[in-house]
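A.B. asks: Handing you a structure now.
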Amino acid sequence: MKLHVQRLQDAFRRLVVDTGEYWAPGLPGDHLAAQVRAVSAAPDATARREPLAELVVVALCLANQYGCVLQHPLTSTSGSADLADLIAQASAADPPADLPDRVRQSTQTVVQALAYYRSDVPPGTRPDVVGLHSVLPELIRLACAGFDSADDLADRLTTRLRATRRPTGDVAVEFDPSCAESVRLIRPVQDQTYCPFAQKSFLWGPPPYDRTLSFAENMDVALPWLRRFVRVLDGDVLDGFVFAFPTDVFGESIDDLGRLFRAFVDHLVRTMTSAAPGGLEVAAVTDPQWYLVLAGEECFVSVFAPCYPHDHSRYLHGVQGWMLFMLQPEKAILRQLTVADYRSRSAAIRERFRDGFQPYELADREVDRFLLPLRAGDPPVRWYETPTDIP
């Protein structure tokens with residue numbers, strides 16, 4: 001049986017969507033540490049295989065949550081992304097005597113990254129953190145070295161996929177930002193937009209909008225997840241963070257959109273920057289040198305809303321009842337468009353939209369590129385002059 005890592009990631013992604021986080025109700029770091037202790041305490045190689053299989057599953061689920069594509073690093077280091085091949089390579093020789101120690105060291109690196117991502121430490125202050133995309137492939141490779149049969153690992157993984165069901169009762173399952181409602185809502189846009197990078201973009205989002213709470217209270221619920229998103233950018237690859245706001249609460253006209261977006265940016269500026277604790281200042285944002293910087297990370301915002309018609313670049317592609325705001329960190333943009341070719345490639349992207357009958361013009365100021373007018377060529381929407389009257 002083939003155990004291609006991408007197929008395994010897909011299988012466990014479906015499981016998490018159906019059941020919630022795999023390690024619930026505990027935390028992933030604690031669950032990893034428990035498996036390492038079990039590996040070290042196992043009396044023989046056979047007894048190690050159950051916790052080693054569990055390490056493989058947790059690594060797959062973490063890779064899914066943090067946007068790590070395991071196929072490429074495994075292929076580059078081991079020559080194959082099929083775990084059956086990794087096991088065959090390892091079984092050609094005796095398992096290393098120090099396998100438990102090597103598993104422990106690799107797992108500690110994962111736990112350290114997770115602890116930083118989940119902390120309140122300011123982003124950019126832990127250059128020693130190794131990204132999960134670097135260490136998870138090695139953890140999987142080491143776990144596979146403890147097996148002498150791919151069928152054995154396949155059986156253990158299959159058992160987990162079949163046995164795990166949605167928790168019942170009062171079991172607390174922590175929210176998974178990679179499975180956010182907003183991420184699901186924006187998928188049709190990702191699939192159908194003319195942006196060449198959208199389909200493979202890996203997105204996070206906040207908990208669902210709670211209509212029993214105020215706008216400000218909903219934003220406060222979202223902020224810890226946005227701060228974690230910014231910290232993850234220190235070591236790993238995430239492409240965007242999507243907010244979803246219901247139109248039955250905020251309306252869906254371009255004026256409604258402007259009021260909401262003003263309140264949205266104002267809240268972020270007050271809570272995620274130190275430069276303007278009093279909120280958004282019109283004189284500052286209309287400066288041609290202004291950029292939105294949140295917790296030290298320069299961000300762009302793409303606004304999608306029902307008011308945009310089908311021939312608009314911010315069309316929602318059939319999504320009804322929501323306005324979607326996608327924050328894109330500059331780091332993610334520059335992974336696709338380098339400084340050297342930014343102008344030429346961004347012009348080529350605009351041509352793709354034009355050729356698809358969804359033209360748009362690039363405004364001179366950054367502040368006018370977030371929320372676009374209803375028609376290409378119309379004057380910019382002066383959303384920043386809208387009163388912040390949303391509670």
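The chains in the structure tokens are called A, B, ... from first to last as shown; in each chain the residues are counted from 1, and the ligands are counted from 1 in the order shown.
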Can you list, as number ranges by chain, all residues belonging to region 116-201 of chain A that DSSP tags as helix (DSSP H, G or I)?

C.D. replies: A: 116-117, 132-144, 150-163, 177-179, 181-185, 187-192

A.B. asks: Near Gly67 (chain A), counting only C-alpha atoms, which residues have an atom at most 12 Å away, once you skip same-chain residues fewer than 5 positions from it, shown as a list in words?

C.D. replies: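 Once the adjacent positions are removed, what remains is Gln9, Arg13, Ala59, Leu60, Cys61, Leu62, Gly131, Leu132, His133, Ser134, Leu136, Pro177, Ser178, Cys179, Lys200, Ser201, Phe202, Leu203, Trp204, Phe229, Val232, Leu233, Gly235, Asp236, Val237, Leu238, Asp239 and Gly240 of chain A.
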
A.B. asks: Only N, CA and C atoms, please: the residues just picked out, written as a compact mmCIF listing (two decimals), in the first residue's frame.

C.D. replies:
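selection.txt, freshly written:
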# COMPACT_ATOMS: atom_id res chain seq x y z
N GLN A 9 -1.90 13.63 4.35
CA GLN A 9 -2.32 14.95 4.82
C GLN A 9 -3.78 15.20 4.47
N ARG A 13 -6.69 15.75 7.15
CA ARG A 13 -7.39 17.04 7.07
C ARG A 13 -8.90 16.81 7.12
N ALA A 59 2.11 14.90 13.56
CA ALA A 59 2.91 15.68 12.61
C ALA A 59 2.09 16.04 11.38
N LEU A 60 1.30 15.09 10.88
CA LEU A 60 0.45 15.36 9.72
C LEU A 60 -0.59 16.43 10.03
N CYS A 61 -1.20 16.33 11.21
CA CYS A 61 -2.24 17.30 11.59
C CYS A 61 -1.65 18.69 11.82
N LEU A 62 -0.47 18.75 12.42
CA LEU A 62 0.19 20.05 12.61
C LEU A 62 0.57 20.65 11.27
N GLY A 131 11.08 26.69 12.18
CA GLY A 131 9.74 26.53 11.65
C GLY A 131 9.32 25.08 11.54
N LEU A 132 8.02 24.85 11.69
CA LEU A 132 7.49 23.48 11.60
C LEU A 132 7.72 22.87 10.23
N HIS A 133 7.72 23.69 9.18
CA HIS A 133 7.94 23.14 7.84
C HIS A 133 9.33 22.53 7.69
N SER A 134 10.25 22.94 8.57
CA SER A 134 11.61 22.38 8.53
C SER A 134 11.75 21.12 9.36
N LEU A 136 9.06 19.09 10.90
CA LEU A 136 8.06 18.01 10.83
C LEU A 136 8.45 16.90 9.86
N PRO A 177 -7.84 27.49 13.50
CA PRO A 177 -7.98 28.61 12.57
C PRO A 177 -7.88 28.20 11.11
N SER A 178 -7.27 27.05 10.82
CA SER A 178 -7.20 26.61 9.42
C SER A 178 -8.54 26.06 8.94
N CYS A 179 -9.47 25.77 9.87
CA CYS A 179 -10.80 25.27 9.51
C CYS A 179 -11.88 26.31 9.77
N LYS A 200 -3.47 27.98 -4.26
CA LYS A 200 -2.57 27.28 -3.35
C LYS A 200 -2.31 28.05 -2.08
N SER A 201 -2.95 29.19 -1.91
CA SER A 201 -2.73 29.98 -0.70
C SER A 201 -3.29 29.25 0.52
N PHE A 202 -2.56 29.33 1.62
CA PHE A 202 -2.99 28.70 2.86
C PHE A 202 -3.45 29.78 3.82
N LEU A 203 -4.70 29.68 4.25
CA LEU A 203 -5.34 30.75 5.00
C LEU A 203 -5.77 30.31 6.40
N TRP A 204 -5.80 31.28 7.29
CA TRP A 204 -6.39 31.11 8.61
C TRP A 204 -7.55 32.11 8.75
N PHE A 229 -1.22 34.28 14.25
CA PHE A 229 -0.92 34.24 12.82
C PHE A 229 0.35 35.03 12.52
N VAL A 232 3.40 33.15 13.77
CA VAL A 232 3.73 31.98 12.94
C VAL A 232 4.56 32.40 11.73
N LEU A 233 4.35 33.63 11.25
CA LEU A 233 5.09 34.10 10.09
C LEU A 233 6.58 34.17 10.35
N GLY A 235 8.34 31.78 11.51
CA GLY A 235 9.00 30.51 11.20
C GLY A 235 8.36 29.71 10.10
N ASP A 236 7.08 29.98 9.81
CA ASP A 236 6.37 29.13 8.85
C ASP A 236 5.62 29.96 7.81
N VAL A 237 4.96 29.26 6.93
CA VAL A 237 4.40 29.87 5.73
C VAL A 237 2.87 29.88 5.81
N LEU A 238 2.31 31.05 6.09
CA LEU A 238 0.87 31.27 5.99
C LEU A 238 0.67 32.44 5.02
N ASP A 239 -0.42 32.41 4.27
CA ASP A 239 -0.60 33.40 3.21
C ASP A 239 -1.62 34.48 3.51
N GLY A 240 -2.55 34.22 4.41
CA GLY A 240 -3.56 35.23 4.67
C GLY A 240 -4.44 34.87 5.84

A.B. asks: So that I can see what lies close to Gln199 (chain A), please list as a VMD selection string the residues with an atom at most 12 Å from it, counting only C-alpha atoms and leaving out residues fewer than 2 positions away in the same chain.

C.D. replies: chain A and resid 186 to 197 201 to 203 239

A.B. asks: Restrict the selected residues to N, CA and C atoms and save them as a PDB file, in the first residue's frame.

C.D. replies:
ATOM      1  N   ILE A 186     -14.367  31.763   1.704  1.00  0.00           N
ATOM      2  CA  ILE A 186     -13.590  32.405   0.644  1.00  0.00           C
ATOM      3  C   ILE A 186     -13.083  31.403  -0.393  1.00  0.00           C
ATOM      4  N   ARG A 187     -13.306  30.111  -0.172  1.00  0.00           N
ATOM      5  CA  ARG A 187     -12.785  29.110  -1.095  1.00  0.00           C
ATOM      6  C   ARG A 187     -13.264  29.298  -2.533  1.00  0.00           C
ATOM      7  N   PRO A 188     -14.553  29.605  -2.788  1.00  0.00           N
ATOM      8  CA  PRO A 188     -14.958  29.836  -4.182  1.00  0.00           C
ATOM      9  C   PRO A 188     -14.188  30.978  -4.850  1.00  0.00           C
ATOM     10  N   VAL A 189     -13.849  32.001  -4.085  1.00  0.00           N
ATOM     11  CA  VAL A 189     -13.051  33.100  -4.632  1.00  0.00           C
ATOM     12  C   VAL A 189     -11.658  32.597  -4.975  1.00  0.00           C
ATOM     13  N   GLN A 190     -11.040  31.835  -4.069  1.00  0.00           N
ATOM     14  CA  GLN A 190      -9.718  31.282  -4.348  1.00  0.00           C
ATOM     15  C   GLN A 190      -9.723  30.435  -5.621  1.00  0.00           C
ATOM     16  N   ASP A 191     -10.766  29.634  -5.776  1.00  0.00           N
ATOM     17  CA  ASP A 191     -10.813  28.696  -6.904  1.00  0.00           C
ATOM     18  C   ASP A 191     -11.057  29.379  -8.241  1.00  0.00           C
ATOM     19  N   GLN A 192     -11.747  30.534  -8.234  1.00  0.00           N
ATOM     20  CA  GLN A 192     -12.191  31.122  -9.496  1.00  0.00           C
ATOM     21  C   GLN A 192     -11.562  32.466  -9.840  1.00  0.00           C
ATOM     22  N   THR A 193     -10.823  33.060  -8.923  1.00  0.00           N
ATOM     23  CA  THR A 193     -10.189  34.330  -9.223  1.00  0.00           C
ATOM     24  C   THR A 193      -9.081  34.149 -10.261  1.00  0.00           C
ATOM     25  N   TYR A 194      -8.711  35.245 -10.912  1.00  0.00           N
ATOM     26  CA  TYR A 194      -7.624  35.206 -11.890  1.00  0.00           C
ATOM     27  C   TYR A 194      -6.258  35.415 -11.248  1.00  0.00           C
ATOM     28  N   CYS A 195      -6.212  35.592  -9.941  1.00  0.00           N
ATOM     29  CA  CYS A 195      -4.922  35.668  -9.265  1.00  0.00           C
ATOM     30  C   CYS A 195      -4.241  34.302  -9.350  1.00  0.00           C
ATOM     31  N   PRO A 196      -3.037  34.223  -9.904  1.00  0.00           N
ATOM     32  CA  PRO A 196      -2.406  32.912 -10.114  1.00  0.00           C
ATOM     33  C   PRO A 196      -1.940  32.228  -8.841  1.00  0.00           C
ATOM     34  N   PHE A 197      -1.919  32.940  -7.727  1.00  0.00           N
ATOM     35  CA  PHE A 197      -1.413  32.374  -6.477  1.00  0.00           C
ATOM     36  C   PHE A 197      -2.518  31.954  -5.517  1.00  0.00           C
ATOM     37  N   SER A 201      -2.950  29.193  -1.912  1.00  0.00           N
ATOM     38  CA  SER A 201      -2.731  29.981  -0.700  1.00  0.00           C
ATOM     39  C   SER A 201      -3.287  29.252   0.516  1.00  0.00           C
ATOM     40  N   PHE A 202      -2.563  29.335   1.617  1.00  0.00           N
ATOM     41  CA  PHE A 202      -2.994  28.701   2.858  1.00  0.00           C
ATOM     42  C   PHE A 202      -3.453  29.782   3.817  1.00  0.00           C
ATOM     43  N   LEU A 203      -4.702  29.676   4.251  1.00  0.00           N
ATOM     44  CA  LEU A 203      -5.341  30.752   5.001  1.00  0.00           C
ATOM     45  C   LEU A 203      -5.765  30.308   6.403  1.00  0.00           C
ATOM     46  N   ASP A 239      -0.424  32.413   4.273  1.00  0.00           N
ATOM     47  CA  ASP A 239      -0.601  33.396   3.212  1.00  0.00           C
ATOM     48  C   ASP A 239      -1.625  34.480   3.510  1.00  0.00           C
TER      49      ASP A 239
END

A.B. asks: Near Gly251 (chain A), counting only C-alpha atoms, which residues have an atom at most 12 Å away, once you skip same-chain residues fewer than 4 positions from it, shown as a ChimeraX atom specification?

C.D. replies: /A:245-247,255-260,305-307,321-323,390

A.B. asks: Atoms to include: N, CA, C and O atoms. Write the selected residues as a short mmCIF file (atom, residue, chain, number, x, y, z; two decimals), in the first residue's frame.

C.D. replies:
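That gives us selection_36.cif:
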data_model
loop_
_atom_site.label_atom_id
_atom_site.label_comp_id
_atom_site.auth_asym_id
_atom_site.auth_seq_id
_atom_site.Cartn_x
_atom_site.Cartn_y
_atom_site.Cartn_z
N PHE A 245 -17.87 38.92 7.79
CA PHE A 245 -18.88 39.72 8.48
C PHE A 245 -20.22 39.54 7.79
O PHE A 245 -20.33 39.71 6.57
N PRO A 246 -21.28 39.21 8.56
CA PRO A 246 -22.59 38.92 7.95
C PRO A 246 -23.29 40.19 7.48
O PRO A 246 -23.34 41.20 8.19
N THR A 247 -23.88 40.13 6.29
CA THR A 247 -24.58 41.30 5.75
C THR A 247 -25.91 41.56 6.45
O THR A 247 -26.42 42.68 6.41
N ASP A 255 -21.77 51.83 0.76
CA ASP A 255 -21.68 52.71 1.94
C ASP A 255 -21.59 51.88 3.22
O ASP A 255 -20.82 52.21 4.14
N ASP A 256 -22.39 50.81 3.29
CA ASP A 256 -22.31 49.91 4.45
C ASP A 256 -20.91 49.32 4.55
O ASP A 256 -20.34 49.21 5.64
N LEU A 257 -20.38 48.93 3.42
CA LEU A 257 -19.04 48.33 3.38
C LEU A 257 -17.99 49.31 3.87
O LEU A 257 -17.09 48.96 4.65
N GLY A 258 -18.11 50.57 3.45
CA GLY A 258 -17.15 51.58 3.88
C GLY A 258 -17.18 51.81 5.38
O GLY A 258 -16.13 51.94 6.02
N ARG A 259 -18.40 51.86 5.96
CA ARG A 259 -18.51 52.04 7.41
C ARG A 259 -17.88 50.88 8.16
O ARG A 259 -17.14 51.06 9.13
N LEU A 260 -18.18 49.67 7.71
CA LEU A 260 -17.63 48.49 8.38
C LEU A 260 -16.11 48.45 8.25
O LEU A 260 -15.41 48.17 9.23
N ALA A 305 -17.05 41.70 -1.44
CA ALA A 305 -18.38 42.00 -0.90
C ALA A 305 -19.46 41.81 -1.96
O ALA A 305 -19.18 41.87 -3.16
N PRO A 306 -20.72 41.58 -1.52
CA PRO A 306 -21.82 41.35 -2.47
C PRO A 306 -22.11 42.54 -3.37
O PRO A 306 -22.72 42.37 -4.42
N CYS A 307 -21.70 43.73 -2.96
CA CYS A 307 -21.99 44.91 -3.79
C CYS A 307 -21.16 44.93 -5.07
O CYS A 307 -21.50 45.66 -6.01
N GLY A 321 -24.42 36.66 1.52
CA GLY A 321 -24.65 36.99 2.92
C GLY A 321 -23.42 37.36 3.72
O GLY A 321 -23.51 37.51 4.94
N TRP A 322 -22.28 37.56 3.05
CA TRP A 322 -21.06 37.84 3.80
C TRP A 322 -20.21 38.88 3.09
O TRP A 322 -20.20 38.96 1.86
N MET A 323 -19.45 39.64 3.88
CA MET A 323 -18.36 40.47 3.38
C MET A 323 -17.07 39.87 3.93
O MET A 323 -16.99 39.55 5.13
N ILE A 390 -20.04 52.15 14.30
CA ILE A 390 -20.40 50.75 14.57
C ILE A 390 -19.95 50.40 15.98
O ILE A 390 -18.78 50.54 16.31
#

A.B. asks: As a list in words, please: the residues near Ser274 (chain A) (cut-off 10 Å, only C-alpha atoms, same-chain neighbours under 5 positions excluded).

C.D. replies: Val269, Val293, Leu294, Ala295 and Gly296 of chain A
